[in-house]
Amino acid sequence: MSFSVSSSYTKLRAIVDSASNDALPSLSKLEKSHNSLPSSLPVTGLGEAATETHLLKDLTPGFNGPKTSSNYYGFVTGGVFPIAEVADNIVTAFDQNVQVHLSDQSVATAVEDKALSMLVELLNLGDGWNGKTFTTGATGANIMGLACGREAVVDARLKAVGEVGSVGELGLLGACLKAGIKEIQVLTTMGHSSLYKAASVVGLGRASVKDIATSKEEPWKMDIDALEKELESAEEGVVSIVALSMGEVNTGRFATDGLYAMKRIRDICNQHGAWLHVDGAFGIFARCLPPTAEFTTLINSASGIELADSICGDGHKMLNVPYDCGFFLTRSNTILSSIFQNPNAAYLSVGQSSIPSPLNNGLENSRRFRALPVYAVLLAYGRDGLAEMFGRQVQLARGISEFLSDSEDFELLATRPSQSGEFDNVHIIVIFRAKNESINAELVRRINATRKMYVSGTKWDGKAACRIAVSTFKVELERDLLLVRSVLEEASKLSPIDDPLGAPRVDTTSTMSFGFGVGDFIAVGKLAWSVYKSCKDAPESFSNISTEVLSLHVVLKEVEEALADEPLTESKQRSLATVGNGCQSVLADLQALVVKYESLGSQSRRTWDRMRWGSNDIAELRARLTSNTMLLTTFLVTSQVTVERKLNKFVEEFQDGKHEGSVITVTTVDSLAADERETWRLIRKELETIGISVVAFDANRPFIMDWFQTAIQSGAFEEQGMDSDHESLYSSNISETTPGPLSNHGFPKPDHLSERPLISHVNAQDQASDVPETSERDIYHRQRVRKFQNEALGDSTQASTALVSTRNTFNTKPYQILDAFRVMYDPTHQKPHGTSPWL
């Protein structure tokens with residue numbers, strides 16, 4: 001059987017689609033990936049199929065998450081739009097070398113030219129940018145910017161003294177000697193490190209880069225008066241390049257604050273013959289924000305960039321196209337060709353054309369078709385679609401800034417709110433530190449050790465600081481702000497964390513520091529559905545287990561909804577995290593087994609099936625799936641939200657006369673005292689008839705007791721005829737302002753519970769008749785939930801039996817499972833130190 005590229009893409013997509021939202025892989029996965037690397041070149045190749053398995057199974061789990069996570073905030077790393085990923089696959093599939101414009105042979109150079117033109121339109125730069133090209137990134141583009149500046153200022157001096165030639169022809173030393181130049185200086189403010197690298201590469205030297213900042217408080221801002229004095233007082237033989245940052249990498253702030261400042265700098269450069277270069281890296285995209293009052297300050301700060309002689313920026317940041325992709329723009333195409341042309345290569349020559357050959361206006365001769373993903377993104381989303389994304393990124397950065405500014409634990413750096421209380425100057429960068437020095441020293445490590453989000457470390461005013469850079473298209477404001485806040489709040493309180501690069505290592509796959517939230521269960525639910533589809537379409541040995549996978553998927557969705565309604569105690573969060581990690585682990589193991597099977601040739605598959613290889617693995621996986629499903633179902637059944645919904649339903653039925661002879665009819669507030677055991681025993685028995693099991697009752701005893709006492713006091717259980725509005729008041733379609741029927745009797749809803757309409761998580765029978773069973777998941781959802789409610793957890797004895805069956809199949813020690821169960825039932829339970837109840 002020949003190797004199939006399409007099959008590999010399918011497997012790869014399954015892995016990417018099921019990836020968690022964690023920003024970093026666990027340390028155990030990283031170690032496993034490192035250990036899988038060969039010690040040397042194999043004498044006999046492994047073959048394509050085995051190599052594919054190694055790539056997909058061993059290496060991909062060790063990659064970080066700038067593409068797969070919405071919370072990777074390091075290095076201003078954008079994600080990858082789906083359409084950009086498609087385009088990049090096309091680039092590889094057709095492998096175009098975009099170096100010579102051959103219009104009768106390939107459309108590639110025309111596509112690149114069109115992509116660059118549309119990019120100029122997006123950035124509102126106007127006409128006249130005749131020299132433009134894609135580069136590997138802003139580093140390459142900064143090299144081009146300084147090379148063009150060097151060429152321009154030297155050429156001007158050569159002409160002034162009556163000499164001919166250029167740096168490209170004569171070399172830097174020869175041209176400067178003829179022109180009488182002894183120094184080329186680069187004047188900037190907080191220039192990016194790549195600017196210093198570029199100065200080194202083009203022969204100016206890193207020492208030529210000089211900082212002209214306004215003040216210590218605003219070191220990113222160009223002091224225009226100081227710039228003018230520097231150019232006026234320059235010694236004879238000193239020429240200059242002015243480089244402005246838009247925005248500065250640590251703060252995101254801009255070197256100028258508007259069009260007036262840029263016009264003044266332009267006039268000064270013209271007067272003194274200086275080249276004006278703008279490093280637009282990511283800040284240049286502030287020009288593309290929605291034209292609303294919310295973003296006016298940023299748009300104004302980025303105005304005037306079109307006055308520059310050259311501009312560079314990154315596509316793989318804000319545009320969310322794959323690495324590597326930068327761009328360079330200049331108004332003169334001739335200056336590009338004077339530096340980068342390929343002379344004496346007849347085989348690279350073409351006739352006259354409006355589209356120059358890229359190899360003559362850029363650093364590279366051999367060039368990847370990196371323009372195609374940019375072309376695809378610009379075409380797919382247009383000006384408005386991209387503006388909306390840029391706006392979400394800014395809003396998240398500002399939300400984080402507001403949280404940090406109000407926090408007692410953190411200090412927000414480099415910005416402060418305006419008089420109106422808004423963070424108008426915040427673009428996508430947030431820089432901050434912990435107020436506690438000992439915590440601040442390890443803050444970056446603490447945050448990144450969670451693996452849930454990733455930040456960069458930096459320095460500000462000589463002290464350690466953290467930097468968050470929001471540049472992914474996946475931003476969801478409320479979700480991401482909640483995650484960032486929770487991680488930072490926990491990081492500010494934790495005890496010191498072990499160094500992740502040394503022993504002991506923290507395996508965050510098996511032990512989560514911050515619980516398992518809604519986002520985590522969404523990710524695990526997606527993984528469950530992906531694995532279910534893989535198993536369902538696989539041979540019999542795998543399709544048989546798909547039932548258990550679908551069961552787990554159903555309950556995961558239920559838990560996801562329950563978490564949105566009910567805040568959890570810290571102990572319950574930890575217990576649920578243990579179960580959630582177990583779900584993730586068993587699904588990942590099952591997926592790996594399926595991938596392994598699918599990677600085999602047809603003969604190997606037949607042998608596998610005949611010998612029933614993997615049967616023991618599948619049996620173990622089935623047991624683990626069932627155990628995790630039952631644990632999650634226990635959480636659902638004992639959920640306070642679920643219990644409250646059933647109690648509200650009980651009131652409705654009582655007032656409809658469906659509970660004649662109920663113990664409630666002879667119950668008074670006095671008889672509901674905590675020590676009236678017989679009354680509570682009868683109530684508990686009656687509640688079993690409406691689906692509140694003994695386990696659920698015991699887990700929520702204080703809440704249920706308070707609920708009944710308040711209900712009796714409010715008259716909710718008085719025997720009376722209902723008025724004509726009964727049906728509308730007590731409809732199952734409960735409005736947001738009336739969360740339950742008790743609201744109509746002045747019965748207050750507990751403050752800590754959500755005001756959202758309650759969704760049936762477990763007792764699907766209540767609503768099944770009203771919802772058409774239109775899909776396989778819908779039908780199976782009801783069947784499984786009813787089965788778990790009625791059979792698996794009918795009483796505490798069966799729950800205990802389920803616990804025992806979990807002992808050897810769950811991914812933790814038996815006494816830890818027992819404690820997880822106990823905490824779910826009884827939040828006050830504490831694990832005995834140093835002892836195991838199983839021993």
# chains A, B, ... in the order shown; residues from 1 in each chain; ligands from 1
call {"tool": "closest_atom_pairs", "arguments": {"of": "stretch 63-82 of chain A", "to": "stretch 264-284 of chain A", "cutoff": "12 Å", "atoms": "only C-alpha atoms", "output": "Markdown table"}}
result
| residue | atom | partner | partner_atom | distance |
| --- | --- | --- | --- | --- |
| A:Phe75 | CA | A:Phe282 | CA | 11.2 |
| A:Val76 | CA | A:Phe282 | CA | 8.0 |
| A:Thr77 | CA | A:Phe282 | CA | 10.1 |
| A:Gly78 | CA | A:Phe282 | CA | 10.1 |
call {"tool": "residues_around", "arguments": {"residues": "A:Pro61", "least_positions_apart": "5", "cutoff": "8 Å", "atoms": "only C-alpha atoms", "output": "ChimeraX atom specification"}}
result
/A:25,29-30,33,56
call {"tool": "residues_around", "arguments": {"residues": "stretch 337-339 of chain A", "least_positions_apart": "5", "cutoff": "12 Å", "atoms": "only C-alpha atoms", "output": "PDB file with N, CA, C and O atoms, in the first residue's frame"}}
result
ATOM      1  N   ASN A 130       6.110  52.022  -4.730  1.00  0.00           N
ATOM      2  CA  ASN A 130       6.536  51.245  -5.901  1.00  0.00           C
ATOM      3  C   ASN A 130       7.503  50.123  -5.554  1.00  0.00           C
ATOM      4  O   ASN A 130       7.620  49.151  -6.296  1.00  0.00           O
ATOM      5  N   GLY A 131       8.217  50.269  -4.450  1.00  0.00           N
ATOM      6  CA  GLY A 131       9.117  49.209  -4.009  1.00  0.00           C
ATOM      7  C   GLY A 131       8.479  48.434  -2.865  1.00  0.00           C
ATOM      8  O   GLY A 131       8.329  48.975  -1.766  1.00  0.00           O
ATOM      9  N   LYS A 132       8.107  47.197  -3.125  1.00  0.00           N
ATOM     10  CA  LYS A 132       7.441  46.414  -2.078  1.00  0.00           C
ATOM     11  C   LYS A 132       7.748  44.936  -2.273  1.00  0.00           C
ATOM     12  O   LYS A 132       7.852  44.446  -3.402  1.00  0.00           O
ATOM     13  N   THR A 133       7.885  44.253  -1.128  1.00  0.00           N
ATOM     14  CA  THR A 133       8.213  42.832  -1.200  1.00  0.00           C
ATOM     15  C   THR A 133       7.864  42.162   0.125  1.00  0.00           C
ATOM     16  O   THR A 133       7.727  42.832   1.161  1.00  0.00           O
ATOM     17  N   ILE A 143      16.545  45.078   8.031  1.00  0.00           N
ATOM     18  CA  ILE A 143      17.810  45.055   7.292  1.00  0.00           C
ATOM     19  C   ILE A 143      17.646  45.800   5.967  1.00  0.00           C
ATOM     20  O   ILE A 143      18.496  46.616   5.580  1.00  0.00           O
ATOM     21  N   MET A 144      16.532  45.538   5.298  1.00  0.00           N
ATOM     22  CA  MET A 144      16.280  46.234   4.034  1.00  0.00           C
ATOM     23  C   MET A 144      16.096  47.727   4.256  1.00  0.00           C
ATOM     24  O   MET A 144      16.565  48.551   3.458  1.00  0.00           O
ATOM     25  N   GLY A 145      15.418  48.101   5.359  1.00  0.00           N
ATOM     26  CA  GLY A 145      15.203  49.521   5.631  1.00  0.00           C
ATOM     27  C   GLY A 145      16.497  50.271   5.860  1.00  0.00           C
ATOM     28  O   GLY A 145      16.705  51.368   5.316  1.00  0.00           O
ATOM     29  N   LEU A 146      17.403  49.689   6.668  1.00  0.00           N
ATOM     30  CA  LEU A 146      18.686  50.349   6.909  1.00  0.00           C
ATOM     31  C   LEU A 146      19.575  50.308   5.670  1.00  0.00           C
ATOM     32  O   LEU A 146      20.356  51.245   5.430  1.00  0.00           O
ATOM     33  N   ALA A 147      19.459  49.221   4.887  1.00  0.00           N
ATOM     34  CA  ALA A 147      20.243  49.155   3.650  1.00  0.00           C
ATOM     35  C   ALA A 147      19.803  50.242   2.680  1.00  0.00           C
ATOM     36  O   ALA A 147      20.645  50.912   2.039  1.00  0.00           O
ATOM     37  N   CYS A 148      18.496  50.460   2.570  1.00  0.00           N
ATOM     38  CA  CYS A 148      17.993  51.522   1.690  1.00  0.00           C
ATOM     39  C   CYS A 148      18.386  52.896   2.228  1.00  0.00           C
ATOM     40  O   CYS A 148      18.772  53.792   1.453  1.00  0.00           O
ATOM     41  N   GLY A 149      18.276  53.064   3.556  1.00  0.00           N
ATOM     42  CA  GLY A 149      18.680  54.341   4.143  1.00  0.00           C
ATOM     43  C   GLY A 149      20.148  54.614   3.930  1.00  0.00           C
ATOM     44  O   GLY A 149      20.545  55.738   3.588  1.00  0.00           O
ATOM     45  N   ARG A 150      20.965  53.605   4.147  1.00  0.00           N
ATOM     46  CA  ARG A 150      22.414  53.720   3.918  1.00  0.00           C
ATOM     47  C   ARG A 150      22.690  54.117   2.479  1.00  0.00           C
ATOM     48  O   ARG A 150      23.487  55.029   2.203  1.00  0.00           O
ATOM     49  N   GLU A 151      22.018  53.435   1.537  1.00  0.00           N
ATOM     50  CA  GLU A 151      22.216  53.717   0.104  1.00  0.00           C
ATOM     51  C   GLU A 151      21.821  55.146  -0.232  1.00  0.00           C
ATOM     52  O   GLU A 151      22.536  55.853  -0.970  1.00  0.00           O
ATOM     53  N   ALA A 152      20.685  55.593   0.327  1.00  0.00           N
ATOM     54  CA  ALA A 152      20.163  56.916  -0.019  1.00  0.00           C
ATOM     55  C   ALA A 152      21.051  58.043   0.515  1.00  0.00           C
ATOM     56  O   ALA A 152      21.368  58.994  -0.215  1.00  0.00           O
ATOM     57  N   ASP A 155      24.446  58.009  -1.285  1.00  0.00           N
ATOM     58  CA  ASP A 155      24.282  58.441  -2.684  1.00  0.00           C
ATOM     59  C   ASP A 155      24.124  59.953  -2.772  1.00  0.00           C
ATOM     60  O   ASP A 155      24.686  60.595  -3.678  1.00  0.00           O
ATOM     61  N   GLY A 165      28.503  56.435  -8.559  1.00  0.00           N
ATOM     62  CA  GLY A 165      28.602  55.120  -7.946  1.00  0.00           C
ATOM     63  C   GLY A 165      27.608  54.991  -6.804  1.00  0.00           C
ATOM     64  O   GLY A 165      26.780  55.880  -6.546  1.00  0.00           O
ATOM     65  N   SER A 166      27.686  53.888  -6.084  1.00  0.00           N
ATOM     66  CA  SER A 166      26.772  53.622  -4.969  1.00  0.00           C
ATOM     67  C   SER A 166      27.439  52.623  -4.026  1.00  0.00           C
ATOM     68  O   SER A 166      28.468  52.014  -4.354  1.00  0.00           O
ATOM     69  N   VAL A 167      26.843  52.434  -2.878  1.00  0.00           N
ATOM     70  CA  VAL A 167      27.358  51.445  -1.943  1.00  0.00           C
ATOM     71  C   VAL A 167      27.284  50.061  -2.566  1.00  0.00           C
ATOM     72  O   VAL A 167      28.194  49.231  -2.403  1.00  0.00           O
ATOM     73  N   GLY A 168      26.192  49.821  -3.309  1.00  0.00           N
ATOM     74  CA  GLY A 168      26.045  48.532  -3.955  1.00  0.00           C
ATOM     75  C   GLY A 168      27.170  48.228  -4.918  1.00  0.00           C
ATOM     76  O   GLY A 168      27.573  47.057  -5.054  1.00  0.00           O
ATOM     77  N   GLU A 169      27.705  49.255  -5.590  1.00  0.00           N
ATOM     78  CA  GLU A 169      28.790  49.062  -6.556  1.00  0.00           C
ATOM     79  C   GLU A 169      30.162  49.200  -5.911  1.00  0.00           C
ATOM     80  O   GLU A 169      31.069  48.395  -6.148  1.00  0.00           O
ATOM     81  N   LEU A 170      30.336  50.217  -5.076  1.00  0.00           N
ATOM     82  CA  LEU A 170      31.655  50.550  -4.559  1.00  0.00           C
ATOM     83  C   LEU A 170      31.967  49.886  -3.226  1.00  0.00           C
ATOM     84  O   LEU A 170      33.137  49.815  -2.823  1.00  0.00           O
ATOM     85  N   GLY A 171      30.931  49.413  -2.543  1.00  0.00           N
ATOM     86  CA  GLY A 171      31.121  48.915  -1.185  1.00  0.00           C
ATOM     87  C   GLY A 171      30.996  50.052  -0.186  1.00  0.00           C
ATOM     88  O   GLY A 171      31.181  51.233  -0.534  1.00  0.00           O
ATOM     89  N   LEU A 172      30.692  49.724   1.048  1.00  0.00           N
ATOM     90  CA  LEU A 172      30.444  50.759   2.045  1.00  0.00           C
ATOM     91  C   LEU A 172      31.679  51.615   2.294  1.00  0.00           C
ATOM     92  O   LEU A 172      31.596  52.848   2.329  1.00  0.00           O
ATOM     93  N   VAL A 202      24.311  45.406   7.886  1.00  0.00           N
ATOM     94  CA  VAL A 202      24.529  46.301   6.739  1.00  0.00           C
ATOM     95  C   VAL A 202      25.808  47.119   6.888  1.00  0.00           C
ATOM     96  O   VAL A 202      26.087  48.006   6.067  1.00  0.00           O
ATOM     97  N   THR A 330       8.736  50.686   0.259  1.00  0.00           N
ATOM     98  CA  THR A 330       9.448  51.944   0.052  1.00  0.00           C
ATOM     99  C   THR A 330       8.904  52.598  -1.214  1.00  0.00           C
ATOM    100  O   THR A 330       8.315  51.918  -2.069  1.00  0.00           O
ATOM    101  N   SER A 332      10.614  54.032  -3.538  1.00  0.00           N
ATOM    102  CA  SER A 332      11.529  53.953  -4.680  1.00  0.00           C
ATOM    103  C   SER A 332      11.855  52.512  -5.012  1.00  0.00           C
ATOM    104  O   SER A 332      12.457  51.803  -4.186  1.00  0.00           O
ATOM    105  N   PRO A 356       8.220  43.768 -11.034  1.00  0.00           N
ATOM    106  CA  PRO A 356       9.635  43.397 -11.026  1.00  0.00           C
ATOM    107  C   PRO A 356       9.832  41.982 -10.483  1.00  0.00           C
ATOM    108  O   PRO A 356       9.020  41.481  -9.706  1.00  0.00           O
ATOM    109  N   SER A 357      10.916  41.346 -10.896  1.00  0.00           N
ATOM    110  CA  SER A 357      11.238  40.031 -10.357  1.00  0.00           C
ATOM    111  C   SER A 357      11.645  40.180  -8.900  1.00  0.00           C
ATOM    112  O   SER A 357      12.547  40.962  -8.580  1.00  0.00           O
ATOM    113  N   PRO A 358      10.999  39.441  -7.992  1.00  0.00           N
ATOM    114  CA  PRO A 358      11.265  39.607  -6.564  1.00  0.00           C
ATOM    115  C   PRO A 358      12.717  39.409  -6.160  1.00  0.00           C
ATOM    116  O   PRO A 358      13.163  39.999  -5.181  1.00  0.00           O
ATOM    117  N   LEU A 359      13.478  38.574  -6.889  1.00  0.00           N
ATOM    118  CA  LEU A 359      14.862  38.345  -6.484  1.00  0.00           C
ATOM    119  C   LEU A 359      15.715  39.595  -6.644  1.00  0.00           C
ATOM    120  O   LEU A 359      16.814  39.672  -6.049  1.00  0.00           O
ATOM    121  N   ASN A 360      15.248  40.595  -7.403  1.00  0.00           N
ATOM    122  CA  ASN A 360      16.015  41.828  -7.603  1.00  0.00           C
ATOM    123  C   ASN A 360      15.588  42.957  -6.677  1.00  0.00           C
ATOM    124  O   ASN A 360      16.128  44.059  -6.758  1.00  0.00           O
ATOM    125  N   ASN A 361      14.593  42.726  -5.806  1.00  0.00           N
ATOM    126  CA  ASN A 361      14.225  43.780  -4.856  1.00  0.00           C
ATOM    127  C   ASN A 361      14.068  43.263  -3.431  1.00  0.00           C
ATOM    128  O   ASN A 361      13.315  43.816  -2.642  1.00  0.00           O
ATOM    129  N   GLY A 362      14.818  42.198  -3.126  1.00  0.00           N
ATOM    130  CA  GLY A 362      14.775  41.658  -1.770  1.00  0.00           C
ATOM    131  C   GLY A 362      16.018  40.862  -1.455  1.00  0.00           C
ATOM    132  O   GLY A 362      16.912  40.692  -2.297  1.00  0.00           O
ATOM    133  N   LEU A 363      16.089  40.348  -0.240  1.00  0.00           N
ATOM    134  CA  LEU A 363      17.278  39.653   0.234  1.00  0.00           C
ATOM    135  C   LEU A 363      17.484  38.292  -0.410  1.00  0.00           C
ATOM    136  O   LEU A 363      18.610  37.842  -0.595  1.00  0.00           O
TER     137      LEU A 363
END
call {"tool": "select_by_dssp", "arguments": {"residues": "stretch 264-370 of chain A", "states": "helix (DSSP H, G or I)", "output": "ChimeraX atom specification"}}
result
/A:264-272,283-288,293-301,305-307,333-340,346-348,358-360
call {"tool": "write_last_selection", "arguments": {"atoms": "N, CA and C atoms", "output": "CSV table (one decimal), in the first residue's frame"}}
result
chain,number,residue,atom,x,y,z
A,264,ARG,N,6.4,67.0,11.4
A,264,ARG,CA,7.5,67.8,11.9
A,264,ARG,C,8.8,67.0,11.7
A,265,ILE,N,8.7,65.7,12.0
A,265,ILE,CA,9.9,64.8,11.9
A,265,ILE,C,10.3,64.7,10.4
A,266,ARG,N,9.2,64.6,9.5
A,266,ARG,CA,9.5,64.5,8.1
A,266,ARG,C,10.2,65.8,7.6
A,267,ASP,N,9.8,66.9,8.0
A,267,ASP,CA,10.4,68.2,7.6
A,267,ASP,C,11.8,68.3,8.1
A,268,ILE,N,12.1,67.8,9.3
A,268,ILE,CA,13.5,67.8,9.9
A,268,ILE,C,14.4,66.9,9.1
A,269,CYS,N,13.9,65.7,8.7
A,269,CYS,CA,14.6,64.8,7.9
A,269,CYS,C,14.9,65.3,6.5
A,270,ASN,N,14.0,66.0,5.9
A,270,ASN,CA,14.2,66.6,4.6
A,270,ASN,C,15.2,67.7,4.7
A,271,GLN,N,15.2,68.5,5.7
A,271,GLN,CA,16.1,69.6,5.9
A,271,GLN,C,17.6,69.1,6.0
A,272,HIS,N,17.7,68.0,6.7
A,272,HIS,CA,19.1,67.5,6.9
A,272,HIS,C,19.5,66.2,6.1
A,283,GLY,N,2.3,47.5,15.5
A,283,GLY,CA,1.6,48.7,15.7
A,283,GLY,C,1.0,49.4,14.5
A,284,ILE,N,1.6,49.1,13.3
A,284,ILE,CA,1.0,49.7,12.1
A,284,ILE,C,-0.4,49.3,11.9
A,285,PHE,N,-0.8,48.1,12.4
A,285,PHE,CA,-2.2,47.7,12.2
A,285,PHE,C,-3.2,48.5,13.0
A,286,ALA,N,-2.8,49.3,13.9
A,286,ALA,CA,-3.7,50.2,14.6
A,286,ALA,C,-4.4,51.2,13.6
A,287,ARG,N,-3.8,51.4,12.4
A,287,ARG,CA,-4.4,52.2,11.4
A,287,ARG,C,-5.6,51.5,10.8
A,288,CYS,N,-5.8,50.2,11.1
A,288,CYS,CA,-6.9,49.4,10.5
A,288,CYS,C,-8.0,49.2,11.4
A,293,ALA,N,-15.1,56.0,18.2
A,293,ALA,CA,-14.5,56.8,19.3
A,293,ALA,C,-13.6,55.9,20.2
A,294,GLU,N,-13.9,54.6,20.3
A,294,GLU,CA,-13.2,53.7,21.2
A,294,GLU,C,-11.7,53.6,20.8
A,295,PHE,N,-11.4,53.7,19.5
A,295,PHE,CA,-10.1,53.5,19.0
A,295,PHE,C,-9.4,54.8,18.4
A,296,THR,N,-10.1,55.9,18.7
A,296,THR,CA,-9.6,57.2,18.0
A,296,THR,C,-8.2,57.5,18.5
A,297,THR,N,-7.8,57.4,19.7
A,297,THR,CA,-6.5,57.7,20.2
A,297,THR,C,-5.4,56.9,19.5
A,298,LEU,N,-5.7,55.6,19.4
A,298,LEU,CA,-4.7,54.7,18.7
A,298,LEU,C,-4.6,55.1,17.2
A,299,ILE,N,-5.7,55.3,16.6
A,299,ILE,CA,-5.6,55.6,15.1
A,299,ILE,C,-4.9,56.9,14.9
A,300,ASN,N,-5.1,57.9,15.8
A,300,ASN,CA,-4.4,59.2,15.6
A,300,ASN,C,-2.9,59.0,15.9
A,301,SER,N,-2.6,58.1,16.9
A,301,SER,CA,-1.1,57.9,17.2
A,301,SER,C,-0.4,57.3,16.0
A,305,ILE,N,2.3,57.8,9.3
A,305,ILE,CA,3.3,56.8,8.9
A,305,ILE,C,3.6,56.8,7.4
A,306,GLU,N,2.6,57.2,6.6
A,306,GLU,CA,2.7,57.3,5.2
A,306,GLU,C,3.7,58.3,4.7
A,307,LEU,N,4.2,59.1,5.6
A,307,LEU,CA,5.2,60.1,5.3
A,307,LEU,C,6.7,59.6,5.3
A,333,ASN,N,11.5,52.1,-6.2
A,333,ASN,CA,11.9,50.7,-6.6
A,333,ASN,C,13.3,50.7,-7.1
A,334,THR,N,13.8,51.8,-7.6
A,334,THR,CA,15.2,51.8,-8.1
A,334,THR,C,16.2,51.6,-7.0
A,335,ILE,N,15.9,52.2,-5.8
A,335,ILE,CA,16.9,52.0,-4.7
A,335,ILE,C,16.9,50.6,-4.3
A,336,LEU,N,15.8,49.8,-4.4
A,336,LEU,CA,15.9,48.4,-4.1
A,336,LEU,C,16.7,47.6,-5.1
A,337,SER,N,16.5,47.9,-6.4
A,337,SER,CA,17.3,47.2,-7.4
A,337,SER,C,18.8,47.5,-7.3
A,338,SER,N,19.1,48.8,-6.9
A,338,SER,CA,20.5,49.2,-6.9
A,338,SER,C,21.2,48.4,-5.8
A,339,ILE,N,20.5,47.9,-4.8
A,339,ILE,CA,21.1,47.1,-3.7
A,339,ILE,C,21.0,45.6,-3.9
A,340,PHE,N,19.9,45.2,-4.4
A,340,PHE,CA,19.6,43.7,-4.4
A,340,PHE,C,19.5,43.0,-5.7
A,346,ALA,N,22.3,35.8,-16.8
A,346,ALA,CA,21.5,35.9,-17.9
A,346,ALA,C,20.2,35.0,-17.8
A,347,TYR,N,20.4,33.9,-17.1
A,347,TYR,CA,19.3,32.9,-17.0
A,347,TYR,C,18.2,33.4,-16.1
A,348,LEU,N,18.5,34.5,-15.3
A,348,LEU,CA,17.5,35.1,-14.5
A,348,LEU,C,16.8,36.4,-15.1
A,358,PRO,N,11.0,39.4,-8.0
A,358,PRO,CA,11.3,39.6,-6.6
A,358,PRO,C,12.7,39.4,-6.2
A,359,LEU,N,13.5,38.6,-6.9
A,359,LEU,CA,14.9,38.3,-6.5
A,359,LEU,C,15.7,39.6,-6.6
A,360,ASN,N,15.2,40.6,-7.4
A,360,ASN,CA,16.0,41.8,-7.6
A,360,ASN,C,15.6,43.0,-6.7
call {"tool": "closest_residue", "arguments": {"among": "A:Ala619, A:Leu122, A:Phe63, A:Ala255", "to": "A:Ser215", "atoms": "only C-alpha atoms"}}
result
A:Ala255
